[in-house]
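Shown next: input_39.json, given as JSON, C-alpha atoms.
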[["chain", "number", "residue", "atom", "x", "y", "z"],
["N", 1, "MET", "CA", 76.66, 76.46, 117.82],
["N", 2, "THR", "CA", 79.45, 78.33, 119.58],
["N", 3, "THR", "CA", 81.72, 76.57, 122.02],
["N", 4, "ASN", "CA", 84.81, 77.40, 124.01],
["N", 5, "ARG", "CA", 88.00, 75.70, 122.94],
["N", 6, "PRO", "CA", 87.69, 72.43, 124.89],
["N", 7, "ASP", "CA", 91.36, 71.54, 125.14],
["N", 8, "ALA", "CA", 93.34, 74.74, 124.88],
["N", 9, "GLY", "CA", 97.09, 74.25, 124.62],
["N", 10, "ASN", "CA", 96.92, 70.46, 124.69],
["N", 11, "SER", "CA", 97.41, 67.93, 121.92],
["N", 12, "PRO", "CA", 94.07, 66.76, 120.50],
["N", 13, "PRO", "CA", 92.93, 63.24, 121.26],
["N", 14, "GLY", "CA", 93.54, 60.66, 118.57],
["N", 15, "ASP", "CA", 93.79, 56.96, 118.08],
["N", 16, "LEU", "CA", 97.27, 57.28, 116.57],
["N", 17, "PRO", "CA", 100.25, 59.44, 117.56],
["N", 18, "PRO", "CA", 101.14, 62.33, 115.24],
["N", 19, "ARG", "CA", 103.33, 61.50, 112.27],
["N", 20, "ARG", "CA", 107.01, 62.11, 112.87],
["N", 21, "HIS", "CA", 109.07, 63.87, 110.23],
["N", 22, "ARG", "CA", 112.64, 65.02, 110.12],
["N", 23, "ASP", "CA", 111.44, 68.55, 109.38],
["N", 24, "GLY", "CA", 108.67, 69.52, 111.77],
["N", 25, "PHE", "CA", 106.89, 71.94, 109.43],
["N", 26, "GLU", "CA", 107.04, 69.80, 106.31],
["N", 27, "PRO", "CA", 103.78, 67.87, 106.90],
["N", 28, "THR", "CA", 101.84, 71.05, 107.57],
["N", 29, "ALA", "CA", 103.27, 72.65, 104.42],
["N", 30, "ARG", "CA", 102.15, 69.62, 102.43],
["N", 31, "ALA", "CA", 98.68, 69.72, 103.96],
["N", 32, "TYR", "CA", 98.31, 73.39, 103.02],
["N", 33, "ASN", "CA", 99.60, 72.61, 99.53],
["N", 34, "VAL", "CA", 96.87, 70.00, 99.08],
["N", 35, "GLY", "CA", 94.30, 72.62, 100.08],
["N", 36, "LEU", "CA", 95.64, 74.92, 97.35],
["N", 37, "PHE", "CA", 95.56, 72.08, 94.78],
["N", 38, "GLY", "CA", 99.33, 72.20, 94.46],
["N", 39, "LYS", "CA", 101.66, 69.34, 93.55],
["N", 40, "ASP", "CA", 104.14, 69.27, 96.45],
["N", 41, "HIS", "CA", 102.64, 66.50, 98.55],
["N", 42, "TYR", "CA", 102.14, 62.74, 98.66],
["N", 43, "GLU", "CA", 99.08, 60.63, 97.97],
["N", 44, "GLU", "CA", 98.74, 60.01, 101.70],
["N", 45, "ASP", "CA", 98.49, 63.77, 102.21],
["N", 46, "LYS", "CA", 95.62, 63.97, 99.75],
["N", 47, "ALA", "CA", 93.91, 61.16, 101.61],
["N", 48, "GLY", "CA", 94.43, 62.98, 104.90],
["N", 49, "PHE", "CA", 93.04, 66.24, 103.54],
["N", 50, "GLN", "CA", 90.08, 64.36, 102.10],
["N", 51, "GLU", "CA", 89.38, 63.04, 105.57],
["N", 52, "LEU", "CA", 89.39, 66.60, 106.87],
["N", 53, "THR", "CA", 86.97, 67.77, 104.19],
["N", 54, "GLU", "CA", 84.54, 65.03, 105.12],
["N", 55, "VAL", "CA", 84.19, 66.87, 108.43],
["N", 56, "ALA", "CA", 84.58, 70.41, 107.02],
["N", 57, "PRO", "CA", 83.59, 70.32, 103.32],
["N", 58, "LEU", "CA", 84.46, 73.96, 102.62],
["N", 59, "LEU", "CA", 87.97, 73.77, 104.06],
["N", 60, "PRO", "CA", 89.67, 74.11, 100.61],
["N", 61, "ILE", "CA", 87.81, 77.39, 100.08],
["N", 62, "ALA", "CA", 88.90, 78.62, 103.51],
["N", 63, "VAL", "CA", 92.53, 77.76, 102.71],
["N", 64, "SER", "CA", 92.39, 79.61, 99.38],
["N", 65, "GLU", "CA", 90.70, 82.64, 100.95],
["N", 66, "ASN", "CA", 93.36, 82.75, 103.66],
["N", 67, "ARG", "CA", 96.08, 82.92, 101.01],
["N", 68, "HIS", "CA", 94.35, 85.77, 99.21],
["N", 69, "PHE", "CA", 93.86, 87.63, 102.49],
["N", 70, "GLY", "CA", 97.65, 87.55, 102.86],
["N", 71, "PHE", "CA", 98.03, 89.17, 99.46],
["N", 72, "ARG", "CA", 95.53, 91.90, 100.36],
["N", 73, "GLY", "CA", 97.27, 92.41, 103.68],
["N", 74, "VAL", "CA", 100.74, 92.95, 102.24],
["N", 75, "THR", "CA", 99.23, 95.24, 99.60],
["N", 76, "ALA", "CA", 97.83, 97.40, 102.41],
["N", 77, "ALA", "CA", 101.30, 97.58, 103.94],
["N", 78, "ALA", "CA", 102.88, 98.46, 100.60],
["N", 79, "LEU", "CA", 100.32, 101.20, 100.02],
["N", 80, "GLY", "CA", 101.14, 102.41, 103.55],
["N", 81, "GLY", "CA", 104.72, 103.02, 102.42],
["N", 82, "VAL", "CA", 106.45, 99.86, 103.63],
["N", 83, "ASP", "CA", 108.98, 98.34, 101.23],
["N", 84, "GLN", "CA", 110.40, 95.52, 103.40],
["N", 85, "PHE", "CA", 108.61, 92.26, 104.11],
["N", 86, "LEU", "CA", 109.43, 89.33, 106.39],
["N", 87, "ASN", "CA", 107.27, 86.28, 105.61],
["N", 88, "LEU", "CA", 107.51, 83.87, 108.55],
["N", 89, "GLY", "CA", 106.12, 80.82, 106.75],
["N", 90, "LEU", "CA", 106.75, 80.38, 103.04],
["N", 91, "GLY", "CA", 105.31, 76.90, 102.44],
["N", 92, "PHE", "CA", 105.28, 75.16, 99.08],
["N", 93, "PRO", "CA", 104.36, 77.22, 96.01],
["N", 94, "ALA", "CA", 100.76, 77.34, 94.85],
["N", 95, "PRO", "CA", 99.96, 76.24, 91.27],
["N", 96, "ASP", "CA", 99.78, 79.83, 89.99],
["N", 97, "GLY", "CA", 103.26, 80.58, 91.32],
["N", 98, "ILE", "CA", 102.25, 84.02, 92.62],
["N", 99, "SER", "CA", 104.35, 85.21, 95.54],
["N", 100, "ILE", "CA", 104.33, 88.19, 97.90],
["N", 101, "ALA", "CA", 106.90, 89.95, 95.71],
["N", 102, "ASP", "CA", 104.60, 89.69, 92.69],
["N", 103, "VAL", "CA", 101.78, 91.32, 94.65],
["N", 104, "ILE", "CA", 103.70, 94.23, 96.19],
["N", 105, "ARG", "CA", 106.05, 95.18, 93.35],
["N", 106, "PRO", "CA", 103.39, 97.19, 91.44],
["N", 107, "HIS", "CA", 103.20, 99.43, 94.53],
["N", 108, "GLN", "CA", 106.80, 99.16, 95.79],
["N", 109, "PRO", "CA", 109.04, 98.31, 92.78],
["N", 110, "LEU", "CA", 112.20, 98.10, 94.89],
["N", 111, "ALA", "CA", 110.64, 96.10, 97.73],
["N", 112, "ARG", "CA", 112.79, 93.57, 99.57],
["N", 113, "VAL", "CA", 111.30, 90.28, 100.77],
["N", 114, "VAL", "CA", 112.73, 87.62, 103.06],
["N", 115, "HIS", "CA", 110.90, 84.30, 103.34],
["N", 116, "VAL", "CA", 111.39, 81.99, 106.33],
["N", 117, "ASP", "CA", 110.59, 78.32, 106.77],
["N", 118, "ALA", "CA", 111.70, 75.60, 109.18],
["N", 119, "SER", "CA", 111.53, 72.85, 106.58],
["N", 120, "GLN", "CA", 114.71, 72.12, 104.62],
["N", 121, "VAL", "CA", 112.57, 70.86, 101.73],
["N", 122, "VAL", "CA", 110.47, 74.03, 101.65],
["N", 123, "ALA", "CA", 113.60, 76.18, 101.90],
["N", 124, "SER", "CA", 115.16, 74.33, 98.95],
["N", 125, "HIS", "CA", 112.02, 74.85, 96.88],
["N", 126, "GLY", "CA", 112.01, 78.50, 97.89],
["N", 127, "ARG", "CA", 115.62, 79.11, 96.91],
["N", 128, "ALA", "CA", 115.06, 77.49, 93.53],
["N", 129, "MET", "CA", 111.90, 79.51, 92.92],
["N", 130, "LEU", "CA", 113.42, 82.81, 94.05],
["N", 131, "ALA", "CA", 116.90, 82.45, 92.53],
["N", 132, "ARG", "CA", 116.13, 84.75, 89.63],
["N", 133, "VAL", "CA", 114.12, 87.33, 91.58],
["N", 134, "ASP", "CA", 115.90, 90.49, 92.71],
["N", 135, "ASN", "CA", 115.80, 91.58, 96.35],
["N", 136, "VAL", "CA", 114.22, 88.34, 97.59],
["N", 137, "SER", "CA", 115.92, 85.79, 99.83],
["N", 138, "MET", "CA", 115.17, 82.59, 101.75],
["N", 139, "VAL", "CA", 116.06, 81.84, 105.38],
["N", 140, "HIS", "CA", 115.97, 78.23, 106.59],
["N", 141, "ALA", "CA", 115.12, 78.67, 110.27],
["N", 142, "ASP", "CA", 112.34, 78.13, 112.78],
["N", 143, "ALA", "CA", 110.29, 81.31, 113.10],
["N", 144, "ARG", "CA", 110.12, 80.65, 116.85],
["N", 145, "GLU", "CA", 113.78, 81.76, 117.00],
["N", 146, "PRO", "CA", 113.49, 85.47, 116.17],
["N", 147, "ASP", "CA", 117.10, 86.30, 117.04],
["N", 148, "LEU", "CA", 118.39, 83.80, 114.48],
["N", 149, "VAL", "CA", 115.82, 84.76, 111.84],
["N", 150, "LEU", "CA", 116.45, 88.47, 112.20],
["N", 151, "LYS", "CA", 120.22, 88.03, 112.09],
["N", 152, "GLU", "CA", 119.99, 86.24, 108.75],
["N", 153, "ALA", "CA", 117.21, 88.46, 107.40],
["N", 154, "ALA", "CA", 119.33, 91.53, 108.13],
["N", 155, "GLU", "CA", 121.59, 90.54, 105.25],
["N", 156, "LEU", "CA", 118.86, 91.90, 102.96],
["N", 157, "LEU", "CA", 116.54, 93.91, 105.22],
["N", 158, "ASP", "CA", 117.37, 97.18, 106.98],
["N", 159, "LEU", "CA", 116.04, 96.70, 110.50],
["N", 160, "SER", "CA", 116.35, 100.39, 111.24],
["N", 161, "LYS", "CA", 113.40, 101.01, 108.91],
["N", 162, "PRO", "CA", 109.73, 99.91, 108.92],
["N", 163, "LEU", "CA", 108.96, 96.28, 108.19],
["N", 164, "CYS", "CA", 105.86, 94.25, 107.33],
["N", 165, "ILE", "CA", 105.76, 90.96, 109.26],
["N", 166, "VAL", "CA", 103.62, 88.25, 107.68],
["N", 167, "ALA", "CA", 102.37, 85.45, 109.94],
["N", 168, "THR", "CA", 99.52, 83.77, 108.07],
["N", 169, "ALA", "CA", 98.32, 80.26, 108.98],
["N", 170, "LEU", "CA", 101.36, 79.78, 111.22],
["N", 171, "LEU", "CA", 100.76, 80.45, 114.92],
["N", 172, "HIS", "CA", 98.09, 77.76, 115.27],
["N", 173, "PHE", "CA", 100.91, 75.21, 115.05],
["N", 174, "TRP", "CA", 102.52, 76.65, 118.20],
["N", 175, "PRO", "CA", 101.09, 75.50, 121.55],
["N", 176, "ASP", "CA", 100.39, 78.02, 124.29],
["N", 177, "GLU", "CA", 103.57, 77.16, 126.19],
["N", 178, "GLN", "CA", 105.64, 78.39, 123.23],
["N", 179, "GLU", "CA", 104.04, 81.82, 123.68],
["N", 180, "PRO", "CA", 103.26, 82.71, 120.05],
["N", 181, "ALA", "CA", 102.24, 86.28, 120.87],
["N", 182, "ALA", "CA", 105.51, 86.89, 122.72],
["N", 183, "VAL", "CA", 107.46, 85.63, 119.71],
["N", 184, "LEU", "CA", 105.56, 88.02, 117.43],
["N", 185, "TYR", "CA", 106.35, 90.92, 119.74],
["N", 186, "GLU", "CA", 110.07, 90.04, 119.60],
["N", 187, "TYR", "CA", 109.95, 90.61, 115.85],
["N", 188, "MET", "CA", 108.00, 93.84, 116.23],
["N", 189, "ARG", "CA", 110.40, 95.20, 118.87],
["N", 190, "ALA", "CA", 113.32, 94.67, 116.47],
["N", 191, "VAL", "CA", 112.19, 97.45, 114.12],
["N", 192, "PRO", "CA", 110.92, 101.00, 114.71],
["N", 193, "ALA", "CA", 107.53, 100.52, 113.04],
["N", 194, "GLY", "CA", 105.60, 98.37, 110.64],
["N", 195, "TYR", "CA", 102.60, 96.27, 109.80],
["N", 196, "LEU", "CA", 101.61, 92.82, 111.04],
["N", 197, "VAL", "CA", 99.62, 90.62, 108.66],
["N", 198, "LEU", "CA", 98.12, 87.85, 110.80],
["N", 199, "SER", "CA", 95.76, 84.93, 110.29],
["N", 200, "HIS", "CA", 94.95, 82.09, 112.64],
["N", 201, "ALA", "CA", 92.72, 79.00, 112.58],
["N", 202, "CYS", "CA", 89.61, 79.36, 114.75],
["N", 203, "GLY", "CA", 87.12, 76.58, 115.46],
["N", 204, "GLU", "CA", 84.92, 78.61, 117.79],
["N", 205, "GLU", "CA", 81.83, 78.43, 115.59],
["N", 206, "MET", "CA", 82.05, 74.64, 115.29],
["N", 207, "ASP", "CA", 80.28, 72.26, 117.61],
["N", 208, "ALA", "CA", 82.57, 70.52, 120.07],
["N", 209, "LEU", "CA", 82.37, 67.06, 118.47],
["N", 210, "ARG", "CA", 83.31, 68.20, 114.95],
["N", 211, "TYR", "CA", 86.01, 70.46, 116.38],
["N", 212, "ALA", "CA", 87.55, 67.51, 118.21],
["N", 213, "GLN", "CA", 87.30, 65.34, 115.09],
["N", 214, "LEU", "CA", 89.16, 67.88, 112.95],
["N", 215, "ARG", "CA", 91.98, 68.32, 115.44],
["N", 216, "SER", "CA", 92.32, 64.58, 115.91],
["N", 217, "ILE", "CA", 92.48, 63.95, 112.15],
["N", 218, "TYR", "CA", 95.01, 66.73, 111.62],
["N", 219, "GLN", "CA", 97.26, 65.43, 114.38],
["N", 220, "ARG", "CA", 97.02, 61.84, 113.17],
["N", 221, "ARG", "CA", 97.60, 62.74, 109.53],
["N", 222, "PHE", "CA", 99.93, 65.74, 109.78],
["N", 223, "ALA", "CA", 100.89, 67.44, 113.06],
["N", 224, "PRO", "CA", 99.39, 68.92, 116.23],
["N", 225, "ILE", "CA", 97.30, 72.04, 115.64],
["N", 226, "TYR", "CA", 95.99, 74.56, 118.14],
["N", 227, "PRO", "CA", 93.07, 76.67, 116.84],
["N", 228, "ARG", "CA", 92.27, 79.54, 119.19],
["N", 229, "THR", "CA", 89.18, 81.52, 120.06],
["N", 230, "ARG", "CA", 88.43, 85.00, 118.78],
["N", 231, "ALA", "CA", 89.35, 86.45, 122.17],
["N", 232, "GLU", "CA", 92.69, 84.63, 122.18],
["N", 233, "VAL", "CA", 93.59, 85.81, 118.67],
["N", 234, "ALA", "CA", 92.46, 89.35, 119.51],
["N", 235, "ALA", "CA", 94.80, 89.28, 122.53],
["N", 236, "MET", "CA", 97.72, 88.78, 120.13],
["N", 237, "LEU", "CA", 96.89, 92.20, 118.67],
["N", 238, "HIS", "CA", 96.89, 94.00, 122.02],
["N", 239, "GLY", "CA", 98.55, 97.40, 121.84],
["N", 240, "LEU", "CA", 98.53, 97.50, 118.04],
["N", 241, "ASP", "CA", 96.54, 99.78, 115.75],
["N", 242, "VAL", "CA", 94.24, 97.31, 113.99],
["N", 243, "LEU", "CA", 93.12, 98.44, 110.54],
["N", 244, "GLU", "CA", 89.50, 98.31, 109.45],
["N", 245, "PRO", "CA", 87.53, 96.05, 109.28],
["N", 246, "GLY", "CA", 89.26, 94.64, 112.35],
["N", 247, "LEU", "CA", 89.57, 90.94, 113.19],
["N", 248, "VAL", "CA", 87.34, 89.09, 110.72],
["N", 249, "GLU", "CA", 87.18, 85.86, 108.75],
["N", 250, "ALA", "CA", 89.98, 85.99, 106.18],
["N", 251, "SER", "CA", 87.62, 85.96, 103.22],
["N", 252, "GLN", "CA", 85.97, 89.14, 104.52],
["N", 253, "TRP", "CA", 89.05, 91.29, 105.08],
["N", 254, "ARG", "CA", 88.68, 94.17, 102.56],
["N", 255, "SER", "CA", 87.05, 91.80, 100.12],
["N", 256, "ASN", "CA", 84.87, 94.43, 98.39],
["N", 257, "ASP", "CA", 81.68, 93.01, 99.91],
["N", 258, "ARG", "CA", 82.29, 89.53, 98.53],
["N", 259, "ARG", "CA", 80.40, 86.99, 100.62],
["N", 260, "ILE", "CA", 82.28, 83.72, 100.46],
["N", 261, "ASP", "CA", 80.98, 80.74, 102.44],
["N", 262, "VAL", "CA", 83.95, 79.06, 104.10],
["N", 263, "GLY", "CA", 81.90, 76.98, 106.51],
["N", 264, "ASP", "CA", 82.61, 76.89, 110.21],
["N", 265, "ALA", "CA", 86.30, 75.89, 110.12],
["N", 266, "TYR", "CA", 87.74, 79.27, 109.30],
["N", 267, "PHE", "CA", 90.70, 81.62, 109.61],
["N", 268, "LEU", "CA", 90.50, 84.83, 111.61],
["N", 269, "ALA", "CA", 92.57, 87.58, 110.02],
["N", 270, "ALA", "CA", 93.72, 91.13, 110.73],
["N", 271, "VAL", "CA", 96.28, 93.70, 109.65],
["N", 272, "ALA", "CA", 97.69, 96.02, 112.30],
["N", 273, "LYS", "CA", 100.24, 98.80, 112.59],
["N", 274, "PHE", "CA", 102.87, 98.59, 115.30],
["N", 275, "GLY", "CA", 105.72, 100.61, 116.78],
["N", 276, "GLN", "CA", 105.89, 104.25, 115.72],
["N", 277, "TYR", "CA", 102.93, 103.69, 113.39],
["N", 278, "VAL", "CA", 100.59, 103.11, 116.32],
["N", 279, "VAL", "CA", 98.27, 106.01, 117.08],
["N", 280, "THR", "CA", 96.46, 105.51, 120.38],
["N", 281, "LEU", "CA", 92.91, 106.66, 120.98],
["N", 282, "ARG", "CA", 94.20, 109.28, 123.42],
["N", 283, "THR", "CA", 96.56, 110.67, 120.77],
["N", 284, "LYS", "CA", 93.74, 110.79, 118.24],
["N", 285, "GLU", "CA", 91.51, 112.64, 120.70],
["N", 286, "ARG", "CA", 94.28, 115.15, 121.49],
["N", 287, "THR", "CA", 94.97, 115.73, 117.78],
["N", 288, "ASN", "CA", 91.29, 116.25, 117.06],
["N", 289, "ALA", "CA", 91.01, 118.71, 119.96],
["N", 290, "GLU", "CA", 94.06, 120.69, 118.80],
["N", 291, "THR", "CA", 92.65, 120.82, 115.27],
["N", 292, "ALA", "CA", 89.27, 121.99, 116.49],
["N", 293, "LYS", "CA", 90.63, 124.71, 118.86],
["N", 294, "PRO", "CA", 91.62, 127.29, 116.18],
["N", 295, "LEU", "CA", 88.29, 126.77, 114.47],
["N", 296, "LEU", "CA", 86.41, 127.45, 117.72],
["N", 297, "GLU", "CA", 88.51, 130.54, 118.42],
["N", 298, "ALA", "CA", 87.90, 131.84, 114.90],
["N", 299, "SER", "CA", 84.17, 131.43, 115.32]]
So, in terms of structure tokens, how does the structure I just supplied come out?
Amino acid sequence: MTTNRPDAGNSPPGDLPPRRHRDGFEPTARAYNVGLFGKDHYEEDKAGFQELTEVAPLLPIAVSENRHFGFRGVTAAALGGVDQFLNLGLGFPAPDGISIADVIRPHQPLARVVHVDASQVVASHGRAMLARVDNVSMVHADAREPDLVLKEAAELLDLSKPLCIVATALLHFWPDEQEPAAVLYEYMRAVPAGYLVLSHACGEEMDALRYAQLRSIYQRRFAPIYPRTRAEVAAMLHGLDVLEPGLVEASQWRSNDRRIDVGDAYFLAAVAKFGQYVVTLRTKERTNAETAKPLLEAS
């Protein structure tokens, strides 16, 4: 059953206020870590995630598939010639320890990667994990402050060259009034061209009662969350050149026809070119016409 988002931009109802933490993103990082069967969380986080899976039993699969979409997305950017990556939400490490750098280095051996996270705890973990990795750095900052992030990232990245921006499982923690799409465009305007790797929670296929239950549990156990509809996520990609297969469930993005059941609490995902990489439909039509003209004249 498909439903419109019943309470767009507002905090979900709940019988308890959201948990308060010194670092705003820390509880969400721990929740995601539980979903990946990591070790950087508390017993209460496991209990909270268990409560979520009672409503959405396949949520752990959706979380894992979202992570692997991110790896496929950055690989597409690396194969497209990009060798700089800005990851706007590092989170705690997964049990296998695989990072973006591990995935892209076979294609871009000299690639530079900057990870960003608002949590001091996550940033500390990141620095420890990345200390022995060349051309990788960690920025402790809120991704909603692009000027600050870019200033620090520029110590490693060359912002005069193309950049891959990674925003997976991040923007659904930003309410509408914080204008997540506008923040993304600030990052994209800072460089001449690049790729955007984006995923976002979407509860559109879930019936209204279960949707409300999930949001209420997440707020009570972790933090406010703002899943958006397909149309709202698609609007974030306006003006970009979205790669095939378009905006799809994360498990289905270039997954070699794998059919993974993630249930109805899922992540929408897309990879898109921006800036000088964007080729509009009109440009494509003009190029095709110019290519065809000599052939017609020859015939």
Practice problem: Within 9 Å of Gly194 in chain N, counting only C-alpha atoms, which residues show up once you throw out same-chain ones fewer than 5 positions away? Write them as an MDAnalysis selection string, please. | Solution: chainID N and resid 77 82 161:165 188 272:278
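CA of Ala169 in chain N to CA of Val74 in chain N spans 14.6 Å [interatomic distance, one decimal].
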**Prompt:** What does the distance between CA of Glu155 in chain N and CA of His107 in chain N come to in Å, to one decimal place?
**Reply:**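 Straight-line distance from CA of Glu155 in chain N to CA of His107 in chain N works out to 23.1 Å.
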Item checked: Non-local contacts of range 113-120 of chain N (6 Å; all atoms listed in the file; under 6 positions in same chain excluded) as a list in words -> Asp23, Phe25, Glu26, Gln84, Phe85, Leu86, Asn87, Leu88, Gly89, Leu90, Val136, Ser137, Met138, Val139, His140, Ala141 and Asp142 of chain N
Range 174-289 of chain N near range 59-62 of chain N within 8 Å: what's each residue's closest atom pair and its distance in Å to one decimal, counting only C-alpha atoms, ordered by chain then ascending residue number, as a tab-separated table?
residue	atom	partner	partner_atom	distance
N:Ala250	CA	N:Ala62	CA	7.9
N:Ser251	CA	N:Ala62	CA	7.5
N:Asp261	CA	N:Ile61	CA	8.0
N:Val262	CA	N:Ala62	CA	5.0
N:Gly263	CA	N:Leu59	CA	7.3
N:Ala265	CA	N:Leu59	CA	6.6
N:Tyr266	CA	N:Ala62	CA	5.9
N:Phe267	CA	N:Ala62	CA	7.0
- Can you tell me, as a list in words, which residues sit within 6 Å of (95.5, 89.7, 111.5) in the file's frame, using all atoms listed in the file?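 Protein and nucleic acid residues near the point are Val197, Leu198, Ser199, Ala269, Ala270 and Val271 of chain N.
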Of N:Thr53, N:Ala190, N:Gly97, N:Thr168, the one sitting nearest Asp147 in chain N when using all atoms listed in the file is N:Ala190
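Considering all atoms listed in the file, the residue among N:Ser255, N:Glu177, N:Asp264, N:Arg221 positioned nearest to Phe71 in chain N is N:Ser255.
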Nearest to Ala78 in chain N, restricted to only C-alpha atoms and choosing among N:Ile104, N:Met206, N:Val242, N:Ala56, comes out as N:Ile104
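In this comparison, which uses all atoms listed in the file, the residue of N:Leu148, N:Thr75, N:Pro57, N:Leu156 approaching Arg112 in chain N most closely is N:Leu156.
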Select, from N:Arg189, N:Arg67, N:Arg254, N:Arg259, the residue with the minimum atom-to-atom distance to Leu170 in chain N, counting all atoms listed in the file.
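Nearest candidate to Leu170 in chain N out of N:Arg189, N:Arg67, N:Arg254, N:Arg259: N:Arg67.
Reported to one decimal place, the separation of CA of Glu152 in chain N from CA of Gly80 in chain N is 25.4 Å.
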